[in-house]
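Trainee: Got a structure here, written out as structure tokens. Questions coming.
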Amino acid sequence: EEEKTLAMIKPDGLFSNHTDAIKKVILDSGFHIFEEMITQLNKDGASSFYAEHSSKSFFSSLIKYMTSGPVLVMVLEKENAIADWRNLIGPTDARKAKSTHPHSIRAMCGQDLEKNCVHGSDSLQSAPREISFFFGGTLSGTEATMH
Ligand code: CMP
């Protein structure tokens, strides 16, 4: 069944020029890029996007990282898009991904447990919420810089 998921290239992925390589993997894997935007999260936006992690010890570091530069957000469309994108990006810890999932996107462009270069919605519930966070028309907590 056709699904949409939210994919994001995080600030480290954009800084290190991995965008073209990641987009090639996306298209070669049969995803359609339904819409995309470069934007920059501010502190409120990042805190809201990652609200489920607000009590974690790494939260303030995560917010600093995610507001450190622009991100590229994409709505990817394909059959089984949510699970397939999560499989393609690999485990959260990019350092571990390099040994256990060497062909994953995080192995290719991530650095460690925090700077893991890409994001993917994790469920049928989170995907529409995350898509409307960025593409719902009322962008609060982000500043669109390019289309
Ligand atoms: P992601 O799983 O996409 O969303 C939550 C993010 O928090 C995760 O990617 C990492 O960037 C970061 N993260 C998760 N766990 C840790 C951790 N233990 N230490 C630091 N950052 C983390």
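Chain labels A, B, ... are given in the sequence in which chains occur in the structure tokens; within each chain residues are numbered consecutively from 1, and ligands are likewise numbered from 1 in the order shown.
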Grab me every residue within 9 Å of ligand 1, counting only C-alpha atoms and all ligand atoms, and send it over as a ChimeraX atom specification.

Mentor: /A:8,10,50,52-53,56-59,61-63,65-66,91-93,112-122

Trainee: Extract the full set of strand (DSSP E) residues from chain A according to DSSP on the backbone, and format it as a PyMOL selection string.

Mentor: chain A and resi 2-9+32-41+71-79+118-120+142-146

Trainee: Which residues are close to Thr19 in chain A, i.e. within 12 Å by only C-alpha atoms, leaving aside same-chain residues fewer than 2 positions away? Reply as an mmCIF file with N, CA and C atoms, in the first residue's frame.

Mentor:
data_model
loop_
_atom_site.group_PDB
_atom_site.id
_atom_site.type_symbol
_atom_site.label_atom_id
_atom_site.label_comp_id
_atom_site.auth_asym_id
_atom_site.auth_seq_id
_atom_site.Cartn_x
_atom_site.Cartn_y
_atom_site.Cartn_z
ATOM 1 N N MET A 8 14.647 13.203 6.629
ATOM 2 C CA MET A 8 15.369 14.461 6.849
ATOM 3 C C MET A 8 16.865 14.202 6.766
ATOM 4 N N ILE A 9 17.558 15.078 6.042
ATOM 5 C CA ILE A 9 19.020 15.084 6.107
ATOM 6 C C ILE A 9 19.381 16.131 7.147
ATOM 7 N N LYS A 10 19.998 15.677 8.227
ATOM 8 C CA LYS A 10 20.290 16.515 9.386
ATOM 9 C C LYS A 10 21.470 17.450 9.073
ATOM 10 N N PRO A 11 21.737 18.434 9.968
ATOM 11 C CA PRO A 11 22.781 19.424 9.663
ATOM 12 C C PRO A 11 24.138 18.828 9.279
ATOM 13 N N ASP A 12 24.547 17.749 9.937
ATOM 14 C CA ASP A 12 25.859 17.152 9.600
ATOM 15 C C ASP A 12 25.862 16.576 8.193
ATOM 16 N N GLY A 13 24.730 16.042 7.768
ATOM 17 C CA GLY A 13 24.623 15.485 6.417
ATOM 18 C C GLY A 13 24.707 16.552 5.345
ATOM 19 N N LEU A 14 24.084 17.716 5.618
ATOM 20 C CA LEU A 14 24.159 18.819 4.651
ATOM 21 C C LEU A 14 25.556 19.433 4.640
ATOM 22 N N PHE A 15 26.112 19.674 5.844
ATOM 23 C CA PHE A 15 27.451 20.268 5.954
ATOM 24 C C PHE A 15 28.479 19.466 5.165
ATOM 25 N N SER A 16 28.361 18.135 5.253
ATOM 26 C CA SER A 16 29.402 17.295 4.662
ATOM 27 C C SER A 16 29.072 16.880 3.230
ATOM 28 N N ASN A 17 28.065 17.570 2.636
ATOM 29 C CA ASN A 17 27.809 17.381 1.209
ATOM 30 C C ASN A 17 27.384 15.982 0.810
ATOM 31 N N ALA A 21 24.447 12.013 -2.812
ATOM 32 C CA ALA A 21 24.598 10.563 -2.643
ATOM 33 C C ALA A 21 23.350 9.976 -1.977
ATOM 34 N N ILE A 22 22.814 10.685 -0.992
ATOM 35 C CA ILE A 22 21.619 10.182 -0.306
ATOM 36 C C ILE A 22 20.418 10.182 -1.248
ATOM 37 N N LYS A 23 20.280 11.250 -2.030
ATOM 38 C CA LYS A 23 19.152 11.302 -2.981
ATOM 39 C C LYS A 23 19.245 10.207 -4.026
ATOM 40 N N LYS A 24 20.471 9.854 -4.420
ATOM 41 C CA LYS A 24 20.637 8.776 -5.390
ATOM 42 C C LYS A 24 20.149 7.458 -4.795
ATOM 43 N N VAL A 25 20.502 7.197 -3.524
ATOM 44 C CA VAL A 25 20.025 5.978 -2.866
ATOM 45 C C VAL A 25 18.501 5.984 -2.785
ATOM 46 N N ILE A 26 17.929 7.144 -2.443
ATOM 47 C CA ILE A 26 16.469 7.265 -2.335
ATOM 48 C C ILE A 26 15.800 6.893 -3.667
ATOM 49 N N ILE A 38 14.379 22.935 2.119
ATOM 50 C CA ILE A 38 15.466 23.187 3.061
ATOM 51 C C ILE A 38 14.963 24.196 4.074
ATOM 52 N N VAL A 71 18.480 21.917 7.531
ATOM 53 C CA VAL A 71 18.156 20.508 7.277
ATOM 54 C C VAL A 71 17.390 20.439 5.960
ATOM 55 N N LEU A 72 17.460 19.295 5.305
ATOM 56 C CA LEU A 72 16.653 19.060 4.103
ATOM 57 C C LEU A 72 15.578 18.054 4.467
ATOM 58 N N VAL A 73 14.329 18.500 4.432
ATOM 59 C CA VAL A 73 13.228 17.578 4.728
ATOM 60 C C VAL A 73 12.533 17.178 3.424
ATOM 61 N N MET A 74 12.176 15.900 3.363
ATOM 62 C CA MET A 74 11.540 15.347 2.170
ATOM 63 C C MET A 74 10.365 14.463 2.564
ATOM 64 N N ILE A 105 22.549 4.071 4.974
ATOM 65 C CA ILE A 105 22.867 5.492 4.777
ATOM 66 C C ILE A 105 23.636 6.043 5.972
ATOM 67 N N MET A 108 27.152 5.224 5.722
ATOM 68 C CA MET A 108 27.785 6.008 4.657
ATOM 69 C C MET A 108 28.097 7.433 5.121
ATOM 70 N N CYS A 109 27.187 8.066 5.862
ATOM 71 C CA CYS A 109 27.379 9.494 6.124
ATOM 72 C C CYS A 109 27.292 9.916 7.575
ATOM 73 N N CYS A 117 23.142 11.788 10.823
ATOM 74 C CA CYS A 117 22.992 12.287 9.450
ATOM 75 C C CYS A 117 21.590 12.272 8.828
ATOM 76 N N VAL A 118 20.753 11.333 9.211
ATOM 77 C CA VAL A 118 19.404 11.277 8.625
ATOM 78 C C VAL A 118 18.356 10.870 9.664
#

Trainee: Extract, using only C-alpha atoms, all DNA, RNA and protein residues at most 10 Å from range 28-34 of chain A, discarding same-chain residues fewer than 3 positions from it, and format them as a list in words.

Mentor: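 Residues near the query, excluding close chain neighbours: Lys4, Thr5, Ala7, Ile22, Lys23, Lys24, Val25, Met74, Val75, Leu76, Glu77, Lys78, Glu79, Asn80, Ala81, Asp84, Trp85 and Leu88 of chain A.
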
Trainee: Store the residues of this selection in a file with C-alpha atoms, as a tab-separated table (two decimals), in the first residue's frame.

Mentor:
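File result_4.tsv, as written:
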chain	number	residue	atom	x	y	z
A	4	LYS	CA	4.33	8.65	2.79
A	5	THR	CA	7.11	9.12	5.30
A	7	ALA	CA	12.91	11.85	5.67
A	22	ILE	CA	21.62	10.18	-0.31
A	23	LYS	CA	19.15	11.30	-2.98
A	24	LYS	CA	20.64	8.78	-5.39
A	25	VAL	CA	20.02	5.98	-2.87
A	74	MET	CA	11.54	15.35	2.17
A	75	VAL	CA	8.24	13.54	1.92
A	76	LEU	CA	9.05	10.15	0.41
A	77	GLU	CA	6.33	8.11	-1.23
A	78	LYS	CA	6.32	4.42	-2.08
A	79	GLU	CA	4.72	1.18	-1.07
A	80	ASN	CA	5.76	0.43	2.55
A	81	ALA	CA	7.73	3.71	2.63
A	84	ASP	CA	11.60	0.64	3.99
A	85	TRP	CA	13.14	4.07	4.70
A	88	LEU	CA	17.62	1.92	4.42

Trainee: Just give me the gap between CA of His101 in chain A and CA of Pro70 in chain A in Å, one decimal is fine.

Mentor: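 One can read the CA of His101 in chain A to CA of Pro70 in chain A distance as 26.7 Å.
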
Trainee: Could you work out how far CA of Glu35 in chain A lies from CA of Ile89 in chain A, giving the answer in Å with one decimal?

Mentor: 19.1 Å

Trainee: CA of Ser48 in chain A to CA of Leu6 in chain A: how many Å, to one decimal?

Mentor: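 Spanning CA of Ser48 in chain A to CA of Leu6 in chain A is a straight-line distance of 15.6 Å.
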